[in-house]
file work-v8.pdb (PDB, C-alpha atoms)
ATOM      1  CA  MET A  47      10.332  27.520  33.153  1.00  0.00           C
ATOM      2  CA  VAL A  48      10.222  24.306  31.100  1.00  0.00           C
ATOM      3  CA  ILE A  49      12.444  24.085  28.016  1.00  0.00           C
ATOM      4  CA  TYR A  50      12.314  21.357  25.352  1.00  0.00           C
ATOM      5  CA  ASP A  51      15.027  20.539  22.850  1.00  0.00           C
ATOM      6  CA  LYS A  52      12.827  18.143  20.876  1.00  0.00           C
ATOM      7  CA  CYS A  53       9.334  17.724  19.472  1.00  0.00           C
ATOM      8  CA  ILE A  54       7.087  14.938  20.754  1.00  0.00           C
ATOM      9  CA  ALA A  55       4.614  12.627  18.990  1.00  0.00           C
ATOM     10  CA  THR A  56       2.368  10.297  20.997  1.00  0.00           C
ATOM     11  CA  LEU A  57      -0.100   7.766  19.600  1.00  0.00           C
ATOM     12  CA  ILE A  58      -3.668   8.165  20.850  1.00  0.00           C
ATOM     13  CA  ASP A  59      -5.268   5.405  18.778  1.00  0.00           C
ATOM     14  CA  SER A  60      -5.532   4.008  15.260  1.00  0.00           C
ATOM     15  CA  MET A  61      -7.886   2.117  12.949  1.00  0.00           C
ATOM     16  CA  GLY A  62      -6.700  -0.478  10.451  1.00  0.00           C
ATOM     17  CA  ASP A  63      -3.428  -2.215   9.584  1.00  0.00           C
ATOM     18  CA  ASP A  64      -1.659  -3.842   6.640  1.00  0.00           C
ATOM     19  CA  LEU A  65      -4.524  -6.264   6.078  1.00  0.00           C
ATOM     20  CA  ARG A  66      -6.974  -3.364   5.923  1.00  0.00           C
ATOM     21  CA  VAL A  67      -4.954  -1.806   3.100  1.00  0.00           C
ATOM     22  CA  ALA A  68      -4.926  -5.051   1.104  1.00  0.00           C
ATOM     23  CA  ASN A  69      -8.625  -5.644   1.667  1.00  0.00           C
ATOM     24  CA  ALA A  70      -9.501  -2.079   0.656  1.00  0.00           C
ATOM     25  CA  ALA A  71      -7.820  -2.743  -2.688  1.00  0.00           C
ATOM     26  CA  ARG A  72      -9.269  -6.236  -3.050  1.00  0.00           C
ATOM     27  CA  VAL A  73     -12.857  -5.134  -2.413  1.00  0.00           C
ATOM     28  CA  SER A  74     -13.034  -4.078  -6.081  1.00  0.00           C
ATOM     29  CA  PHE A  75     -13.382  -7.811  -6.766  1.00  0.00           C
ATOM     30  CA  ASP A  76     -15.839  -8.237  -3.884  1.00  0.00           C
ATOM     31  CA  LYS A  77     -13.274 -10.164  -1.816  1.00  0.00           C
ATOM     32  CA  TRP A  78     -12.238  -9.805   1.827  1.00  0.00           C
ATOM     33  CA  LYS A  79      -9.656 -11.776   3.828  1.00  0.00           C
ATOM     34  CA  THR A  80      -9.121 -12.332   7.537  1.00  0.00           C
ATOM     35  CA  GLU A  81      -5.493 -13.513   7.434  1.00  0.00           C
ATOM     36  CA  PHE A  82      -2.512 -11.576   6.077  1.00  0.00           C
ATOM     37  CA  ASP A  83      -0.083 -13.469   3.810  1.00  0.00           C
ATOM     38  CA  ASP A  84       2.644 -12.946   1.218  1.00  0.00           C
ATOM     39  CA  LYS A  85       0.100 -12.187  -1.501  1.00  0.00           C
ATOM     40  CA  ASP A  86      -1.097  -9.218   0.533  1.00  0.00           C
ATOM     41  CA  ALA A  87       2.470  -7.984   0.974  1.00  0.00           C
ATOM     42  CA  ARG A  88       3.042  -8.165  -2.782  1.00  0.00           C
ATOM     43  CA  LEU A  89      -0.249  -6.373  -3.413  1.00  0.00           C
ATOM     44  CA  ILE A  90       0.740  -3.570  -1.039  1.00  0.00           C
ATOM     45  CA  SER A  91       4.108  -3.182  -2.759  1.00  0.00           C
ATOM     46  CA  TYR A  92       2.331  -2.916  -6.092  1.00  0.00           C
ATOM     47  CA  LEU A  93      -0.133  -0.314  -4.811  1.00  0.00           C
ATOM     48  CA  ALA A  94       2.631   1.902  -3.438  1.00  0.00           C
ATOM     49  CA  ARG A  95       4.884   1.470  -6.461  1.00  0.00           C
ATOM     50  CA  GLU A  96       2.105   2.388  -8.897  1.00  0.00           C
ATOM     51  CA  GLY A  97       0.860   5.309  -6.826  1.00  0.00           C
ATOM     52  CA  HIS A  98      -2.530   3.859  -5.867  1.00  0.00           C
ATOM     53  CA  TRP A  99      -3.022   5.858  -2.665  1.00  0.00           C
ATOM     54  CA  THR A 100      -6.695   5.218  -1.915  1.00  0.00           C
ATOM     55  CA  PRO A 101      -6.314   1.859  -0.096  1.00  0.00           C
ATOM     56  CA  PHE A 102      -3.764   3.408   2.271  1.00  0.00           C
ATOM     57  CA  GLY A 103      -6.374   5.994   3.228  1.00  0.00           C
ATOM     58  CA  HIS A 104      -8.337   3.302   5.082  1.00  0.00           C
ATOM     59  CA  VAL A 105      -5.772   3.211   7.891  1.00  0.00           C
ATOM     60  CA  MET A 106      -6.349   6.176  10.186  1.00  0.00           C
ATOM     61  CA  ILE A 107      -4.094   7.378  13.002  1.00  0.00           C
ATOM     62  CA  THR A 108      -4.715   9.909  15.747  1.00  0.00           C
ATOM     63  CA  MET A 109      -1.657  11.449  17.383  1.00  0.00           C
ATOM     64  CA  ARG A 110      -0.881  14.081  19.957  1.00  0.00           C
ATOM     65  CA  LEU A 111       1.870  16.316  18.582  1.00  0.00           C
ATOM     66  CA  LYS A 112       3.827  18.720  20.762  1.00  0.00           C
ATOM     67  CA  MET A 113       6.060  21.231  19.009  1.00  0.00           C
ATOM     68  CA  PRO A 114       6.979  24.932  18.869  1.00  0.00           C
ATOM     69  CA  ILE A 115       4.490  27.239  17.177  1.00  0.00           C
ATOM     70  CA  PHE A 116       6.759  27.909  14.196  1.00  0.00           C
ATOM     71  CA  THR A 117       6.937  24.161  13.517  1.00  0.00           C
ATOM     72  CA  ALA A 118       3.181  23.698  13.914  1.00  0.00           C
ATOM     73  CA  ARG A 119       2.503  26.305  11.237  1.00  0.00           C
ATOM     74  CA  GLN A 120       4.828  24.474   8.866  1.00  0.00           C
ATOM     75  CA  TRP A 121       3.463  21.022   9.714  1.00  0.00           C
ATOM     76  CA  ILE A 122      -0.183  21.839   8.991  1.00  0.00           C
ATOM     77  CA  LYS A 123       0.630  23.080   5.487  1.00  0.00           C
ATOM     78  CA  SER A 124       0.818  19.413   4.442  1.00  0.00           C
ATOM     79  CA  ASP A 125      -2.898  18.703   4.624  1.00  0.00           C
ATOM     80  CA  LYS A 126      -3.565  16.388   1.675  1.00  0.00           C
ATOM     81  CA  GLY A 127      -5.127  13.220   3.091  1.00  0.00           C
ATOM     82  CA  CYS A 128      -5.673  14.670   6.552  1.00  0.00           C
ATOM     83  CA  VAL A 129      -8.993  15.744   8.032  1.00  0.00           C
ATOM     84  CA  ARG A 130      -8.680  19.392   8.947  1.00  0.00           C
ATOM     85  CA  ASN A 131     -10.509  21.930  11.071  1.00  0.00           C
ATOM     86  CA  ASP A 132     -13.745  22.083   9.048  1.00  0.00           C
ATOM     87  CA  ASN A 133     -14.584  18.611  10.330  1.00  0.00           C
ATOM     88  CA  GLY A 134     -13.362  19.243  13.854  1.00  0.00           C
ATOM     89  CA  VAL A 135     -10.765  16.474  13.799  1.00  0.00           C
ATOM     90  CA  GLU A 136      -7.617  18.521  14.190  1.00  0.00           C
ATOM     91  CA  SER A 137      -7.554  20.563  17.372  1.00  0.00           C
ATOM     92  CA  GLU A 138      -4.885  22.758  18.905  1.00  0.00           C
ATOM     93  CA  VAL A 139      -4.504  23.987  22.478  1.00  0.00           C
ATOM     94  CA  SER A 140      -5.572  27.639  22.448  1.00  0.00           C
ATOM     95  CA  ARG A 141      -4.026  30.267  24.675  1.00  0.00           C
ATOM     96  CA  ARG A 142      -7.167  32.256  24.166  1.00  0.00           C
ATOM     97  CA  TYR A 143      -8.771  29.977  26.747  1.00  0.00           C
ATOM     98  CA  VAL A 144      -5.903  28.628  28.849  1.00  0.00           C
ATOM     99  CA  ASP A 145      -3.230  30.468  30.792  1.00  0.00           C
ATOM    100  CA  SER A 146      -1.114  27.558  31.977  1.00  0.00           C
ATOM    101  CA  GLU A 147       2.595  28.238  32.217  1.00  0.00           C
ATOM    102  CA  PRO A 148       4.099  28.368  28.713  1.00  0.00           C
ATOM    103  CA  GLU A 149       6.886  26.003  27.697  1.00  0.00           C
ATOM    104  CA  PHE A 150       9.581  26.768  25.160  1.00  0.00           C
ATOM    105  CA  TYR A 151      11.566  25.023  22.440  1.00  0.00           C
ATOM    106  CA  ILE A 152      15.298  25.718  22.288  1.00  0.00           C
ATOM    107  CA  PRO A 153      17.495  23.392  20.212  1.00  0.00           C
ATOM    108  CA  LYS A 154      20.741  21.947  21.474  1.00  0.00           C
ATOM    109  CA  TYR A 155      22.562  23.727  18.648  1.00  0.00           C
ATOM    110  CA  PHE A 156      21.982  26.654  16.326  1.00  0.00           C
ATOM    111  CA  HIS A 157      23.242  26.458  12.735  1.00  0.00           C
ATOM    112  CA  GLU A 158      24.870  28.690  10.151  1.00  0.00           C
ATOM    113  CA  ARG A 159      23.090  30.240   7.218  1.00  0.00           C
ATOM    114  CA  PRO A 160      23.626  27.667   4.426  1.00  0.00           C
ATOM    115  CA  ASP A 161      25.860  28.137   1.423  1.00  0.00           C
ATOM    116  CA  GLY A 162      24.264  28.045  -2.004  1.00  0.00           C
ATOM    117  CA  GLY A 163      20.834  29.424  -1.174  1.00  0.00           C
ATOM    118  CA  ILE A 164      18.439  29.824   1.728  1.00  0.00           C
ATOM    119  CA  LYS A 165      16.217  27.011   0.401  1.00  0.00           C
ATOM    120  CA  GLN A 166      18.588  24.548   2.053  1.00  0.00           C
ATOM    121  CA  GLY A 167      17.381  25.801   5.437  1.00  0.00           C
ATOM    122  CA  ALA A 168      20.470  25.556   7.641  1.00  0.00           C
ATOM    123  CA  GLY A 169      24.149  24.674   7.359  1.00  0.00           C
ATOM    124  CA  ASP A 170      26.710  23.431   9.851  1.00  0.00           C
ATOM    125  CA  VAL A 171      26.595  24.082  13.597  1.00  0.00           C
ATOM    126  CA  LEU A 172      27.192  27.748  14.335  1.00  0.00           C
ATOM    127  CA  GLU A 173      30.597  28.477  15.826  1.00  0.00           C
ATOM    128  CA  TRP A 174      29.011  30.512  18.621  1.00  0.00           C
ATOM    129  CA  SER A 175      26.029  28.156  19.053  1.00  0.00           C
ATOM    130  CA  ASP A 176      26.505  27.894  22.833  1.00  0.00           C
ATOM    131  CA  VAL A 177      26.158  31.674  23.175  1.00  0.00           C
ATOM    132  CA  ALA A 178      23.036  31.649  20.986  1.00  0.00           C
ATOM    133  CA  VAL A 179      21.469  28.895  23.101  1.00  0.00           C
ATOM    134  CA  GLU A 180      22.036  30.887  26.288  1.00  0.00           C
ATOM    135  CA  ASN A 181      20.638  34.038  24.649  1.00  0.00           C
ATOM    136  CA  ALA A 182      17.548  32.114  23.540  1.00  0.00           C
ATOM    137  CA  LYS A 183      17.014  30.868  27.085  1.00  0.00           C
ATOM    138  CA  SER A 184      17.350  34.408  28.463  1.00  0.00           C
ATOM    139  CA  ILE A 185      14.850  35.795  25.960  1.00  0.00           C
ATOM    140  CA  ALA A 186      12.398  32.978  26.709  1.00  0.00           C
ATOM    141  CA  GLU A 187      12.675  33.682  30.410  1.00  0.00           C
ATOM    142  CA  ILE A 188      11.969  37.394  29.848  1.00  0.00           C
ATOM    143  CA  ARG A 189       8.913  36.591  27.732  1.00  0.00           C
ATOM    144  CA  PHE A 190       7.801  34.000  30.277  1.00  0.00           C
ATOM    145  CA  ASP A 191       7.928  36.584  33.067  1.00  0.00           C
ATOM    146  CA  GLU A 192       6.128  39.205  30.967  1.00  0.00           C
ATOM    147  CA  TYR A 193       3.350  36.775  30.138  1.00  0.00           C
ATOM    148  CA  LYS A 194       2.884  35.742  33.760  1.00  0.00           C
ATOM    149  CA  THR A 195       2.818  39.389  34.836  1.00  0.00           C
ATOM    150  CA  MET A 196       0.126  40.307  32.327  1.00  0.00           C
ATOM    151  CA  VAL A 197      -2.082  37.353  33.268  1.00  0.00           C
ATOM    152  CA  THR A 198      -1.560  37.910  36.998  1.00  0.00           C
ATOM    153  CA  HIS A 199      -2.660  41.535  36.635  1.00  0.00           C
ATOM    154  CA  GLY A 200      -5.869  40.584  34.895  1.00  0.00           C
ATOM    155  CA  MET A 201      -5.120  40.743  31.169  1.00  0.00           C
ATOM    156  CA  ALA A 202      -7.225  38.410  29.014  1.00  0.00           C
ATOM    157  CA  PRO A 203      -5.189  35.334  28.004  1.00  0.00           C
ATOM    158  CA  GLU A 204      -6.089  35.898  24.342  1.00  0.00           C
ATOM    159  CA  GLU A 205      -4.160  39.197  24.482  1.00  0.00           C
ATOM    160  CA  ALA A 206      -1.432  38.165  26.929  1.00  0.00           C
ATOM    161  CA  ARG A 207      -0.337  35.477  24.465  1.00  0.00           C
ATOM    162  CA  MET A 208       0.952  38.258  22.205  1.00  0.00           C
ATOM    163  CA  PHE A 209       3.918  38.559  24.558  1.00  0.00           C
ATOM    164  CA  LEU A 210       5.031  34.996  23.815  1.00  0.00           C
ATOM    165  CA  PRO A 211       7.559  34.157  21.051  1.00  0.00           C
ATOM    166  CA  GLN A 212       7.232  31.668  18.183  1.00  0.00           C
ATOM    167  CA  ASN A 213       9.262  29.046  20.035  1.00  0.00           C
ATOM    168  CA  THR A 214       6.481  28.645  22.601  1.00  0.00           C
ATOM    169  CA  MET A 215       5.362  25.006  22.628  1.00  0.00           C
ATOM    170  CA  THR A 216       1.893  24.115  21.421  1.00  0.00           C
ATOM    171  CA  THR A 217      -0.046  20.842  21.276  1.00  0.00           C
ATOM    172  CA  ILE A 218      -2.091  19.539  18.356  1.00  0.00           C
ATOM    173  CA  VAL A 219      -4.300  16.452  18.230  1.00  0.00           C
ATOM    174  CA  GLU A 220      -4.322  15.306  14.629  1.00  0.00           C
ATOM    175  CA  THR A 221      -6.080  12.506  12.765  1.00  0.00           C
ATOM    176  CA  GLY A 222      -4.756  11.504   9.362  1.00  0.00           C
ATOM    177  CA  SER A 223      -4.541   8.556   7.010  1.00  0.00           C
ATOM    178  CA  LEU A 224      -1.480   6.389   6.546  1.00  0.00           C
ATOM    179  CA  ALA A 225      -1.206   7.900   3.067  1.00  0.00           C
ATOM    180  CA  TYR A 226      -1.157  11.401   4.548  1.00  0.00           C
ATOM    181  CA  TYR A 227       1.518  10.602   7.108  1.00  0.00           C
ATOM    182  CA  ALA A 228       3.699   8.958   4.463  1.00  0.00           C
ATOM    183  CA  ARG A 229       3.499  12.037   2.264  1.00  0.00           C
ATOM    184  CA  VAL A 230       4.198  14.497   5.048  1.00  0.00           C
ATOM    185  CA  CYS A 231       7.054  12.430   6.489  1.00  0.00           C
ATOM    186  CA  LYS A 232       8.732  12.002   3.104  1.00  0.00           C
ATOM    187  CA  LEU A 233       8.552  15.771   2.692  1.00  0.00           C
ATOM    188  CA  ARG A 234       9.666  16.667   6.210  1.00  0.00           C
ATOM    189  CA  LEU A 235      12.454  14.085   6.362  1.00  0.00           C
ATOM    190  CA  GLY A 236      13.926  15.231   3.063  1.00  0.00           C
ATOM    191  CA  HIS A 237      17.113  17.164   2.422  1.00  0.00           C
ATOM    192  CA  GLY A 238      16.808  20.768   3.508  1.00  0.00           C
ATOM    193  CA  ALA A 239      13.894  20.187   5.892  1.00  0.00           C
ATOM    194  CA  GLN A 240      13.858  22.340   9.009  1.00  0.00           C
ATOM    195  CA  GLY A 241      15.516  20.673  11.984  1.00  0.00           C
ATOM    196  CA  ALA A 242      12.548  20.777  14.358  1.00  0.00           C
ATOM    197  CA  VAL A 243      10.009  19.539  11.820  1.00  0.00           C
ATOM    198  CA  LYS A 244      12.392  16.777  10.703  1.00  0.00           C
ATOM    199  CA  GLN A 245      12.658  15.714  14.328  1.00  0.00           C
ATOM    200  CA  LEU A 246       8.873  15.584  14.655  1.00  0.00           C
ATOM    201  CA  ALA A 247       8.533  13.622  11.405  1.00  0.00           C
ATOM    202  CA  THR A 248      11.018  11.053  12.722  1.00  0.00           C
ATOM    203  CA  TYR A 249       8.819  10.327  15.740  1.00  0.00           C
ATOM    204  CA  VAL A 250       5.619  10.315  13.663  1.00  0.00           C
ATOM    205  CA  ALA A 251       7.172   7.875  11.190  1.00  0.00           C
ATOM    206  CA  GLU A 252       8.138   5.494  13.974  1.00  0.00           C
ATOM    207  CA  ILE A 253       4.544   5.435  15.242  1.00  0.00           C
ATOM    208  CA  ALA A 254       3.076   4.860  11.767  1.00  0.00           C
ATOM    209  CA  LYS A 255       5.597   2.107  11.084  1.00  0.00           C
ATOM    210  CA  GLN A 256       4.419   0.155  14.126  1.00  0.00           C
ATOM    211  CA  ILE A 257       0.786   0.271  12.969  1.00  0.00           C
ATOM    212  CA  ALA A 258       1.225  -0.954   9.386  1.00  0.00           C
ATOM    213  CA  PRO A 259       4.902  -1.852   8.889  1.00  0.00           C
ATOM    214  CA  ILE A 260       4.657  -3.406   5.406  1.00  0.00           C
ATOM    215  CA  SER A 261       2.501  -0.592   4.041  1.00  0.00           C
ATOM    216  CA  TRP A 262       4.686   2.042   5.641  1.00  0.00           C
ATOM    217  CA  SER A 263       7.852   0.599   4.194  1.00  0.00           C
ATOM    218  CA  ALA A 264       6.297   0.371   0.731  1.00  0.00           C
ATOM    219  CA  LEU A 265       5.038   3.938   0.882  1.00  0.00           C
ATOM    220  CA  MET A 266       8.327   5.370   2.065  1.00  0.00           C
ATOM    221  CA  GLU A 267      10.243   3.522  -0.655  1.00  0.00           C
ATOM    222  CA  SER A 268       7.883   4.530  -3.460  1.00  0.00           C
ATOM    223  CA  ALA A 269       8.905   7.315  -5.827  1.00  0.00           C
ATOM    224  CA  SER A 270       5.636   9.248  -5.543  1.00  0.00           C
TER     225      SER A 270
END

call {"tool": "encode", "arguments": {"input": "work-v8.pdb", "output": "structure tokens"}}
result
Amino acid sequence: MVIYDKCIATLIDSMGDDLRVANAARVSFDKWKTEFDDKDARLISYLAREGHWTPFGHVMITMRLKMPIFTARQWIKSDKGCVRNDNGVESEVSRRYVDSEPEFYIPKYFHERPDGGIKQGAGDVLEWSDVAVENAKSIAEIRFDEYKTMVTHGMAPEEARMFLPQNTMTTIVETGSLAYYARVCKLRLGHGAQGAVKQLATYVAEIAKQIAPISWSALMESAS
């Protein structure tokens, strides 16, 4: 039984870079450049600062995201600027069709219920976190065995998956704009964000930063 204690983001490919953002803004004046310079950097800073998101939508990124099911359901709520299922661009592995051995997410530590309201998500590390981790592993192993038994004895995978818990890992291939990833990462890296989704956003942000570093920095520093 495979257990993960982290989410994973892997770049598949991308289209565009910092120069693409600057050119997308500059095309209003029927201009297009082939070399990036300081003027482009200043233009990008202005666009992000003033909330002009459209030029950042011309940089597209496709990633393979691996996370527990409960994190996936939270992640896909942030869909502004991302092409979703109607256009067939976001796809998720479906246990209706596959019966490969399930993998599970169990964090290194469990946390206390936070003081001052549940909206903060989680507090400090739970005093009996080690016990909780071992219990989570035991439960995952039981569910793993039940799932394998049902599939082995001929149950349809689409029904056998009902025996699996929310911390079963799933994989999503997602295509989104730089603007989308900036918005979702600012949200999911903020105070009170769930631990697993914050972890995923950290990896996604690192990928996006490598593709268009000046644009990414400007977007992440902007107030909007």

call {"tool": "residues_around", "arguments": {"input": "work-v8.pdb", "residues": "segment 47-55 of chain A", "least_positions_apart": "5", "cutoff": "9 Å", "atoms": "only C-alpha atoms", "output": "list in words"}}
result
Met109, Arg110, Leu111, Lys112, Met113, Pro114, Glu147, Pro148, Glu149, Phe150, Tyr151, Ile152, Pro153, Lys154, Lys183, Ala186, Glu187, Phe190, Met215, Ala242, Val243, Gln245, Leu246, Ala247, Tyr249, Val250 and Ile253 of chain A

call {"tool": "resolve_selection", "arguments": {"input": "work-v8.pdb", "expression": "the PyMOL selection byres ((chain A and resi 139-146) around 9)", "output": "list in words"}}
result
Ser137, Glu138, Glu147, Pro148, Lys194, Val197, Ala202, Pro203, Glu204, Glu205, Ala206, Arg207, Thr216, Thr217, Ile218 and Val219 of chain A

call {"tool": "residues_around", "arguments": {"input": "work-v8.pdb", "residues": "Ala87 of chain A", "least_positions_apart": "5", "cutoff": "12 Å", "atoms": "all atoms listed in the file", "output": "tab-separated table (two decimals) with C-alpha atoms, keeping the file's coordinate frame"}}
result
chain	number	residue	atom	x	y	z
A	63	ASP	CA	-3.43	-2.22	9.58
A	64	ASP	CA	-1.66	-3.84	6.64
A	65	LEU	CA	-4.52	-6.26	6.08
A	66	ARG	CA	-6.97	-3.36	5.92
A	67	VAL	CA	-4.95	-1.81	3.10
A	68	ALA	CA	-4.93	-5.05	1.10
A	69	ASN	CA	-8.62	-5.64	1.67
A	81	GLU	CA	-5.49	-13.51	7.43
A	82	PHE	CA	-2.51	-11.58	6.08
A	92	TYR	CA	2.33	-2.92	-6.09
A	93	LEU	CA	-0.13	-0.31	-4.81
A	94	ALA	CA	2.63	1.90	-3.44
A	258	ALA	CA	1.23	-0.95	9.39
A	259	PRO	CA	4.90	-1.85	8.89
A	260	ILE	CA	4.66	-3.41	5.41
A	261	SER	CA	2.50	-0.59	4.04
A	262	TRP	CA	4.69	2.04	5.64
A	263	SER	CA	7.85	0.60	4.19
A	264	ALA	CA	6.30	0.37	0.73

call {"tool": "closest_atom_pairs", "arguments": {"input": "work-v8.pdb", "of": "segment 151-246 of chain A", "to": "segment 98-105 of chain A", "cutoff": "12 Å", "atoms": "all atoms listed in the file", "output": "tab-separated table"}}
result
residue	atom	partner	partner_atom	distance
A:Thr221	CA	A:Val105	CA	10.5
A:Gly222	CA	A:Gly103	CA	8.4
A:Ser223	CA	A:Gly103	CA	4.9
A:Leu224	CA	A:Val105	CA	5.5
A:Ala225	CA	A:Phe102	CA	5.2
A:Tyr226	CA	A:Gly103	CA	7.6
A:Tyr227	CA	A:Gly103	CA	9.9
A:Ala228	CA	A:Phe102	CA	9.6
A:Arg229	CA	A:Trp99	CA	10.2

call {"tool": "closest_atom_pairs", "arguments": {"input": "work-v8.pdb", "of": "segment 61-164 of chain A", "to": "segment 171-181 of chain A", "cutoff": "6 Å", "atoms": "all atoms listed in the file", "output": "Markdown table"}}
result
| residue | atom | partner | partner_atom | distance |
| --- | --- | --- | --- | --- |
| A:Tyr155 | CA | A:Ser175 | CA | 5.6 |
| A:Phe156 | CA | A:Ser175 | CA | 5.1 |
| A:His157 | CA | A:Val171 | CA | 4.2 |
| A:Glu158 | CA | A:Leu172 | CA | 4.9 |

call {"tool": "residues_around", "arguments": {"input": "work-v8.pdb", "residues": "Leu235 of chain A", "least_positions_apart": "3", "cutoff": "9 Å", "atoms": "all atoms listed in the file", "output": "PDB file with C-alpha atoms, keeping the file's coordinate frame"}}
result
ATOM      1  CA  VAL A 230       4.198  14.497   5.048  1.00  0.00           C
ATOM      2  CA  CYS A 231       7.054  12.430   6.489  1.00  0.00           C
ATOM      3  CA  LYS A 232       8.732  12.002   3.104  1.00  0.00           C
ATOM      4  CA  GLY A 238      16.808  20.768   3.508  1.00  0.00           C
ATOM      5  CA  ALA A 239      13.894  20.187   5.892  1.00  0.00           C
ATOM      6  CA  GLN A 240      13.858  22.340   9.009  1.00  0.00           C
ATOM      7  CA  VAL A 243      10.009  19.539  11.820  1.00  0.00           C
ATOM      8  CA  LYS A 244      12.392  16.777  10.703  1.00  0.00           C
ATOM      9  CA  GLN A 245      12.658  15.714  14.328  1.00  0.00           C
ATOM     10  CA  ALA A 247       8.533  13.622  11.405  1.00  0.00           C
ATOM     11  CA  THR A 248      11.018  11.053  12.722  1.00  0.00           C
TER      12      THR A 248
END

call {"tool": "atom_distance", "arguments": {"input": "work-v8.pdb", "atom1": "atom CA of Ile257 of chain A", "atom2": "atom CA of Thr108 of chain A"}}
result
11.4 Å

call {"tool": "atom_distance", "arguments": {"input": "work-v8.pdb", "atom1": "atom CA of Ala168 of chain A", "atom2": "atom CA of Leu210 of chain A"}}
result
24.3 Å

call {"tool": "atom_distance", "arguments": {"input": "work-v8.pdb", "atom1": "atom CA of Thr117 of chain A", "atom2": "atom CA of Gln256 of chain A"}}
result
24.1 Å

call {"tool": "closest_residue", "arguments": {"input": "work-v8.pdb", "among": "A:Met106, A:Met208, A:Ala182, A:Ile122", "to": "Gly62 of chain A", "atoms": "all atoms listed in the file"}}
result
A:Met106

call {"tool": "axis_aligned_box", "arguments": {"input": "work-v8.pdb", "around": "segment 251-256 of chain A", "padding_each_side": "5 Å", "output": "lines of an AutoDock Vina configuration file"}}
result
center_x = 5.6
center_y = 4.0
center_z = 13.2
size_x = 15.1
size_y = 17.7
size_z = 14.2

call {"tool": "closest_residue", "arguments": {"input": "work-v8.pdb", "among": "A:Arg159, A:Lys255, A:His199, A:Leu233", "to": "Gln120 of chain A", "atoms": "all atoms listed in the file"}}
result
A:Leu233
